[in-house]
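Undergrad: Below is the file work_2.csv, which contains CSV, C-alpha atoms and all ligand atoms.
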chain,number,residue,atom,x,y,z
A,17,MET,CA,-18.7,-21.5,-12.5
A,18,GLU,CA,-16.2,-18.9,-13.6
A,19,VAL,CA,-13.6,-18.5,-10.8
A,20,VAL,CA,-11.9,-15.2,-10.0
A,21,LYS,CA,-8.8,-15.0,-7.8
A,22,ILE,CA,-8.2,-12.0,-5.7
A,23,ALA,CA,-5.0,-11.1,-3.8
A,24,LEU,CA,-5.4,-9.4,-0.5
A,25,THR,CA,-2.7,-7.5,1.3
A,26,LYS,CA,-1.8,-8.9,4.7
A,27,GLY,CA,-1.3,-6.6,7.6
A,28,ARG,CA,-3.1,-3.4,8.6
A,29,LEU,CA,-5.3,-3.2,5.4
A,30,LEU,CA,-6.8,-6.7,5.8
A,31,LYS,CA,-9.8,-5.9,8.1
A,32,ASP,CA,-11.1,-3.3,5.6
A,33,GLN,CA,-10.6,-5.6,2.6
A,34,ILE,CA,-12.6,-8.3,4.3
A,35,LYS,CA,-15.3,-5.8,5.2
A,36,LEU,CA,-15.5,-4.7,1.6
A,37,LEU,CA,-15.9,-8.3,0.3
A,38,GLN,CA,-18.5,-9.0,3.0
A,39,ALA,CA,-20.4,-5.8,2.0
A,40,ILE,CA,-20.7,-7.0,-1.6
A,41,GLY,CA,-22.0,-10.4,-0.6
A,42,TYR,CA,-19.0,-12.6,-0.1
A,43,ASP,CA,-19.1,-14.6,3.1
A,44,CYS,CA,-15.5,-14.3,4.4
A,45,ASN,CA,-16.2,-15.9,7.8
A,46,HIS,CA,-14.1,-19.0,7.0
A,47,ILE,CA,-11.1,-17.3,5.3
A,48,SER,CA,-8.0,-16.2,7.3
A,49,PRO,CA,-4.4,-15.5,6.6
A,50,GLN,CA,-3.6,-17.6,9.7
A,51,ASP,CA,-4.8,-20.7,7.8
A,52,ARG,CA,-1.7,-21.9,6.1
A,53,ARG,CA,-3.5,-22.8,2.9
A,54,LEU,CA,-2.3,-20.2,0.4
A,55,VAL,CA,-5.4,-20.2,-1.8
A,56,GLN,CA,-8.7,-20.2,0.1
A,57,GLU,CA,-12.2,-20.3,-1.3
A,58,ILE,CA,-15.3,-18.4,-0.6
A,59,PRO,CA,-18.0,-21.1,-0.7
A,60,ASP,CA,-20.5,-21.2,-3.6
A,61,LYS,CA,-19.3,-17.8,-5.0
A,62,GLY,CA,-16.4,-18.7,-7.3
A,63,LEU,CA,-14.0,-16.4,-5.5
A,64,GLN,CA,-10.6,-17.6,-4.5
A,65,VAL,CA,-8.5,-15.5,-2.1
A,66,VAL,CA,-4.8,-15.4,-1.6
A,67,PHE,CA,-3.0,-13.4,1.1
A,68,LEU,CA,0.2,-11.7,0.1
A,69,LYS,CA,2.7,-9.2,1.5
A,70,ALA,CA,1.9,-5.8,0.0
A,71,GLN,CA,4.9,-5.6,-2.4
A,72,ASP,CA,4.0,-9.0,-4.0
A,73,VAL,CA,0.4,-8.1,-4.8
A,74,PRO,CA,1.1,-6.1,-8.0
A,75,THR,CA,3.5,-8.9,-9.2
A,76,TYR,CA,0.8,-11.6,-8.9
A,77,VAL,CA,-1.7,-9.4,-10.6
A,78,GLU,CA,0.6,-8.4,-13.5
A,79,HIS,CA,1.5,-12.0,-14.2
A,80,GLY,CA,-2.2,-13.0,-14.1
A,81,ILE,CA,-1.6,-15.5,-11.3
A,82,VAL,CA,-4.5,-13.6,-9.7
A,83,ASP,CA,-7.1,-11.6,-11.6
A,84,MET,CA,-7.3,-8.7,-9.2
A,85,GLY,CA,-5.8,-7.4,-6.0
A,86,ILE,CA,-6.1,-4.8,-3.3
A,87,VAL,CA,-2.9,-2.8,-2.3
A,88,GLY,CA,-1.8,0.6,-1.2
A,89,LYS,CA,-1.1,3.4,-3.7
A,90,ASP,CA,2.4,3.7,-2.2
A,91,VAL,CA,3.2,0.2,-3.2
A,92,LEU,CA,1.8,0.7,-6.7
A,93,LEU,CA,4.0,3.8,-7.2
A,94,GLU,CA,7.0,2.1,-5.9
A,95,VAL,CA,6.9,-1.1,-7.9
A,96,LYS,CA,5.3,0.2,-11.1
A,97,LYS,CA,3.7,-2.9,-12.7
A,98,LYS,CA,1.6,-3.1,-15.8
A,99,LEU,CA,-2.0,-3.4,-14.5
A,100,TYR,CA,-5.2,-1.5,-14.4
A,101,GLU,CA,-5.9,0.6,-11.3
A,102,VAL,CA,-9.7,0.9,-11.3
A,103,ALA,CA,-10.9,2.1,-7.9
A,104,ASP,CA,-9.8,4.2,-4.9
A,105,LEU,CA,-11.2,2.1,-2.0
A,106,ARG,CA,-10.9,5.0,0.5
A,107,PHE,CA,-9.5,3.0,3.3
A,108,GLY,CA,-5.8,2.7,4.4
A,109,ARG,CA,-5.6,6.4,4.2
A,110,CYS,CA,-2.3,8.0,5.1
A,111,HIS,CA,0.4,10.3,3.6
A,112,LEU,CA,3.8,9.9,2.2
A,113,ALA,CA,5.9,12.7,3.6
A,114,VAL,CA,9.5,13.8,3.9
A,115,ALA,CA,10.3,14.2,7.6
A,116,GLY,CA,13.3,15.1,9.7
A,117,ARG,CA,14.4,17.2,12.7
A,118,LYS,CA,13.0,20.7,12.7
A,119,GLY,CA,15.5,22.9,11.0
A,120,GLY,CA,17.7,19.8,10.5
A,121,ILE,CA,18.4,20.3,6.8
A,122,ASP,CA,18.7,24.1,6.7
A,123,GLY,CA,21.6,25.0,4.4
A,124,LYS,CA,22.3,21.5,3.3
A,125,ARG,CA,22.7,21.1,-0.5
A,126,HIS,CA,23.0,17.3,-0.5
A,127,LEU,CA,20.6,15.1,1.5
A,128,LYS,CA,20.8,11.6,2.8
A,129,VAL,CA,17.3,10.1,2.6
A,130,ALA,CA,16.3,6.9,4.4
A,131,THR,CA,13.2,5.2,3.0
A,132,LYS,CA,11.3,2.0,2.2
A,133,TYR,CA,10.4,3.7,-1.1
A,134,PRO,CA,13.6,4.3,-3.0
A,135,ASN,CA,11.9,4.7,-6.4
A,136,ILE,CA,9.4,7.2,-5.2
A,137,ALA,CA,12.1,9.1,-3.3
A,138,LYS,CA,14.4,9.2,-6.4
A,139,GLU,CA,11.6,10.6,-8.5
A,140,PHE,CA,10.4,13.0,-6.0
A,141,PHE,CA,13.8,14.6,-5.3
A,142,ALA,CA,14.8,14.5,-8.9
A,143,ALA,CA,11.7,16.5,-9.9
A,144,LYS,CA,12.8,19.2,-7.4
A,145,GLY,CA,16.4,19.1,-8.6
A,146,GLN,CA,17.5,18.1,-5.1
A,147,SER,CA,20.7,16.1,-4.9
A,148,VAL,CA,20.2,13.0,-2.7
A,149,GLU,CA,21.7,9.7,-1.6
A,150,ILE,CA,18.9,7.2,-1.1
A,151,ILE,CA,19.4,4.7,1.8
A,152,LYS,CA,17.0,1.8,1.5
A,153,GLN,CA,15.3,0.7,4.7
A,154,GLU,CA,13.1,-2.2,5.6
A,155,GLY,CA,11.4,-0.7,8.7
A,156,SER,CA,11.9,1.5,11.7
A,157,VAL,CA,12.7,4.3,9.2
A,158,GLU,CA,12.4,7.1,11.9
A,159,LEU,CA,15.5,5.7,13.5
A,160,ALA,CA,17.7,6.9,10.6
A,161,PRO,CA,17.7,10.6,11.2
A,162,LEU,CA,17.6,10.0,15.0
A,163,LEU,CA,20.9,8.1,14.9
A,164,GLY,CA,22.5,10.0,12.1
A,165,LEU,CA,22.2,7.5,9.3
A,166,SER,CA,20.2,10.0,7.2
A,167,ASP,CA,19.2,13.7,7.2
A,168,VAL,CA,15.6,13.0,6.4
A,169,ILE,CA,13.2,10.1,5.7
A,170,LEU,CA,10.5,9.6,3.1
A,171,ASP,CA,7.9,7.5,4.8
A,172,ILE,CA,4.2,6.9,5.6
A,173,VAL,CA,2.6,9.2,8.1
A,174,GLU,CA,-0.8,8.2,9.4
A,175,THR,CA,-1.5,9.7,12.8
A,176,GLY,CA,2.0,11.3,13.1
A,177,SER,CA,2.6,9.7,16.5
A,178,THR,CA,5.7,7.8,15.4
A,179,LEU,CA,7.3,11.1,14.2
A,180,ARG,CA,6.3,12.9,17.3
A,181,ALA,CA,7.6,10.1,19.6
A,182,ASN,CA,11.0,10.4,17.9
A,183,GLY,CA,11.2,14.2,17.8
A,184,LEU,CA,10.7,14.5,14.0
A,185,VAL,CA,8.4,16.7,12.0
A,186,VAL,CA,6.9,16.6,8.5
A,187,LEU,CA,9.1,18.8,6.3
A,188,GLU,CA,7.1,18.3,3.1
A,189,GLU,CA,4.0,16.4,2.0
A,190,VAL,CA,4.7,14.1,-0.9
A,191,MET,CA,1.2,12.7,-1.6
A,192,GLU,CA,-2.0,11.2,-0.2
A,193,ILE,CA,-2.2,7.4,-0.1
A,194,SER,CA,-5.1,5.0,0.1
A,195,ALA,CA,-5.9,1.4,-0.9
A,196,ARG,CA,-6.6,0.7,-4.6
A,197,LEU,CA,-8.3,-2.0,-6.5
A,198,VAL,CA,-6.1,-3.3,-9.3
A,199,LEU,CA,-6.8,-5.7,-12.2
A,200,ASN,CA,-4.8,-8.0,-14.5
A,201,LYS,CA,-5.2,-6.6,-18.0
A,202,VAL,CA,-6.1,-9.9,-19.7
A,203,SER,CA,-8.5,-11.0,-17.0
A,204,TYR,CA,-10.3,-7.6,-17.3
A,205,LYS,CA,-11.0,-8.3,-21.0
A,206,THR,CA,-11.9,-12.0,-20.6
A,207,LYS,CA,-13.6,-12.6,-17.3
A,208,LEU,CA,-17.2,-11.5,-17.0
A,209,LYS,CA,-17.4,-12.2,-13.3
A,210,LEU,CA,-14.5,-9.8,-12.7
A,211,ARG,CA,-16.5,-7.0,-14.2
A,212,GLN,CA,-19.5,-7.9,-12.0
A,213,ILE,CA,-17.3,-7.7,-8.9
A,214,ILE,CA,-16.0,-4.3,-10.0
A,215,ASP,CA,-19.5,-3.1,-10.5
A,216,GLU,CA,-20.5,-4.4,-7.0
A,217,ILE,CA,-17.5,-2.6,-5.5
A,218,ASP,CA,-18.4,0.6,-7.4
A,219,LEU,CA,-21.9,0.5,-6.2
A,220,GLN,CA,-20.8,-0.1,-2.6
A,221,LEU,CA,-18.4,2.9,-2.8
A,222,LYS,CA,-21.1,5.1,-4.2
A,223,GLY,CA,-23.4,4.0,-1.4
A,224,GLY,CA,-20.9,5.7,1.0
A,225,CYS,CA,-19.2,2.6,2.3
B,301,LIG,N1,0.5,3.8,9.5
B,301,LIG,C1,0.7,3.2,8.4
B,301,LIG,N2,1.9,2.6,8.1
B,301,LIG,C2,2.2,1.9,7.0
B,301,LIG,N3,1.3,1.7,6.0
B,301,LIG,C3,0.1,2.2,6.2
B,301,LIG,C4,-0.3,3.0,7.4
B,301,LIG,N4,-1.5,3.4,7.3
B,301,LIG,C5,-2.0,2.9,6.1
B,301,LIG,N5,-1.0,2.2,5.4
B,301,LIG,C6,-1.2,1.5,4.2
B,301,LIG,O1,-1.2,0.1,4.5
B,301,LIG,C7,-0.4,-0.6,3.6
B,301,LIG,C8,0.0,-2.0,4.1
B,301,LIG,O2,0.5,-1.9,5.4
B,301,LIG,P1,1.3,-3.1,6.0
B,301,LIG,O3,0.6,-3.4,7.3
B,301,LIG,O4,1.6,-4.1,5.0
B,301,LIG,O5,2.6,-2.3,6.4
B,301,LIG,P2,4.1,-2.5,6.1
B,301,LIG,O6,4.8,-1.8,7.2
B,301,LIG,O7,4.4,-2.0,4.7
B,301,LIG,O8,4.2,-4.1,6.2
B,301,LIG,P3,5.3,-4.9,6.8
B,301,LIG,O9,5.2,-4.6,8.3
B,301,LIG,O10,4.9,-6.3,6.5
B,301,LIG,O11,6.6,-4.5,6.2
B,301,LIG,C9,0.7,0.3,3.2
B,301,LIG,O12,1.2,0.0,1.9
B,301,LIG,C10,-0.1,1.7,3.1
B,301,LIG,O13,-0.7,1.8,1.9
B,302,LIG,O1,1.9,8.2,11.7
B,302,LIG,P1,1.8,6.9,12.4
B,302,LIG,O2,0.4,6.5,12.7
B,302,LIG,O3,2.7,6.8,13.6
B,302,LIG,O4,2.2,5.7,11.3
B,302,LIG,C1,3.4,5.7,10.6
B,302,LIG,C2,4.3,4.6,11.0
B,302,LIG,O5,3.7,3.4,10.7
B,302,LIG,C3,4.5,2.7,9.7
B,302,LIG,O6,5.5,1.9,10.4
B,302,LIG,P2,5.1,0.3,10.7
B,302,LIG,O7,4.2,0.3,11.9
B,302,LIG,O8,4.7,-0.4,9.5
B,302,LIG,O9,6.5,-0.2,11.3
B,302,LIG,P3,7.8,-0.5,10.4
B,302,LIG,O10,8.0,0.5,9.4
B,302,LIG,O11,8.9,-0.5,11.4
B,302,LIG,O12,7.6,-1.9,9.8
B,302,LIG,C4,5.3,3.8,9.0
B,302,LIG,O13,6.5,3.3,8.4
B,302,LIG,C5,5.6,4.8,10.1
B,302,LIG,O14,6.7,4.4,10.9
I need this file expressed as structure tokens, please.
TA:
Amino acid sequence: MEVVKIALTKGRLLKDQIKLLQAIGYDCNHISPQDRRLVQEIPDKGLQVVFLKAQDVPTYVEHGIVDMGIVGKDVLLEVKKKLYEVADLRFGRCHLAVAGRKGGIDGKRHLKVATKYPNIAKEFFAAKGQSVEIIKQEGSVELAPLLGLSDVILDIVETGSTLRANGLVVLEEVMEISARLVLNKVSYKTKLKLRQIIDEIDLQLKGGC
């Protein structure tokens, strides 16, 4: 049986990814990121699953270590790998936005920007002709303007509650984000089963999943 490997993003997207695989007929009851085996198999279906941190998914797909993956559009834009993005899976919806204190950047010609997304931030502000210093963060990004490390942040906003809780507001929307299905370019051309899975996912999405 032809085997297809798929990389799933650990964390908040995982539940919806598993739900999607279940919906297209893959029994995921026995797979779990808590199981320390790094490659797990869906019985009788020729699908192997690996669980990765979001930023590593595009790397594994580009190198063909896995045939396909599911990852947020934010990560794809940040890491820019050579792969095919074939479907918007419509879950993991959120925004990338610039946020800061209300009125906090009035009159400032140069901005300090704290972000987990330095490449996206660089491109976004360069396109506006805005002079910036990018300060790379690994988390708790909202702290930066609060404590004076930066003037603004460029970060994910979902419900807006983290911004509100820290006295920050959205100053500018950057883009809408959702989870995407990505493919290795060679696998796409050579693995029939991969195309069957894409068709099943397409059908599922069209059915209003
Ligand atoms: N509120 C949110 N915060 C962050 N990411 C979100 C949110 N809502 C949806 N997403 C999407 O979920 C993806 C994966 O989220 P994950 O749980 O891995 O968050 P993370 O904070 O990047 O991970 P980690 O905590 O491991 O650094 C993001 O890349 C993004 O596309
Ligand atoms: O608009 P909200 O619904 O509040 O969601 C947005 C928050 O969630 C994410 O942080 P995460 O929980 O991943 O924490 P971290 O950045 O500190 O890892 C993101 O970086 C924002 O801080």
Undergrad: Interatomic distance between CA of Thr75 in chain A and CA of Glu94 in chain A?
TA: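 So the two atoms, CA of Thr75 in chain A and CA of Glu94 in chain A, lie 12.0 Å apart.
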Undergrad: What are the nearest atom pairs, with distances in Å to one decimal, for all residues of chain A that come at most 6 Å from ligand LIG 302 (chain B), using only C-alpha atoms and all ligand atoms, set out by chain and rising residue number as a Markdown table?
TA:
| residue | atom | partner | partner_atom | distance |
| --- | --- | --- | --- | --- |
| A:Gly155 | CA | B:LIG302 | O10 | 3.7 |
| A:Ser156 | CA | B:LIG302 | O11 | 3.6 |
| A:Asp171 | CA | B:LIG302 | O13 | 5.7 |
| A:Ile172 | CA | B:LIG302 | C4 | 4.7 |
| A:Val173 | CA | B:LIG302 | O1 | 3.8 |
| A:Glu174 | CA | B:LIG302 | O1 | 3.5 |
| A:Thr175 | CA | B:LIG302 | O2 | 3.7 |
| A:Gly176 | CA | B:LIG302 | O1 | 3.4 |
| A:Ser177 | CA | B:LIG302 | O3 | 4.1 |
| A:Thr178 | CA | B:LIG302 | O3 | 3.6 |
Undergrad: Considering all atoms listed in the file, state which residue in the set A:Lys89, A:Lys31, A:Lys21, A:His79 is at the smallest distance from Met191 in chain A.
TA: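 Closest candidate: A:Lys89.
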Undergrad: Tell me, in Å to one decimal, how far CA of Gly223 in chain A is from CA of Leu105 in chain A.
TA: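 Between CA of Gly223 in chain A and CA of Leu105 in chain A the gap is 12.4 Å.
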Undergrad: Contacts of Asp215 in chain A at 12 Å or less, counting all atoms listed in the file, minus same-chain residues fewer than 5 places along, as an MDAnalysis selection string?
TA: chainID A and resid 40 102:103 197 208:210 220:222
Undergrad: Record the distance separating CA of Leu36 in chain A and CA of Phe107 in chain A, expressed in Å with one decimal.
TA: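 Spanning CA of Leu36 in chain A to CA of Phe107 in chain A is a straight-line distance of 9.9 Å.
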Undergrad: Within 6 Å of ligand LIG 301 (chain B), counting only C-alpha atoms and all ligand atoms: which residues, as a list in words?
TA: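 After applying the 6 Å limit, what remains is Lys26, Gly27, Arg28, Leu29, Ala70, Gly88, Lys89, Asp90, Val91, Gly108, Arg109, Cys110, Ile172, Val173, Glu174, Ser194 and Ala195 of chain A.
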Undergrad: Excluding same-chain residues fewer than 4 positions from Val148 in chain A, what lies within 10 Å of it counting only C-alpha atoms, as a PyMOL selection string?
TA: chain A and resi 125-129+137-138+141-142+167
Undergrad: For each of A:Lys69, A:Lys124, A:Lys205, A:Arg180, take the minimum atom-to-atom distance to Thr25 in chain A, counting only C-alpha atoms, then give the residue where this is smallest.
TA: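 Of A:Lys69, A:Lys124, A:Lys205, A:Arg180, the one nearest Thr25 in chain A, counting only C-alpha atoms, is A:Lys69.
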Undergrad: Near Glu57 in chain A, within 12 Å and counting only C-alpha atoms, which residues show up once chain neighbours fewer than 4 positions away are dropped, as a list in words?
TA: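 In the requested format, the answer is Val19, Val20, Lys21, Ile22, Ala23, Tyr42, Asp43, Cys44, Asn45, His46, Ile47, Ser48, Asp51, Arg53, Lys61, Gly62, Leu63, Gln64, Val65, Val66 and Phe67 of chain A.
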Undergrad: Kindly indicate which residue among A:His111, A:Lys152, A:Arg117, A:Lys201 lies nearest to Thr131 in chain A, using only C-alpha atoms for the distances.
TA: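 The shortest atom-to-atom distance to Thr131 in chain A comes from A:Lys152.
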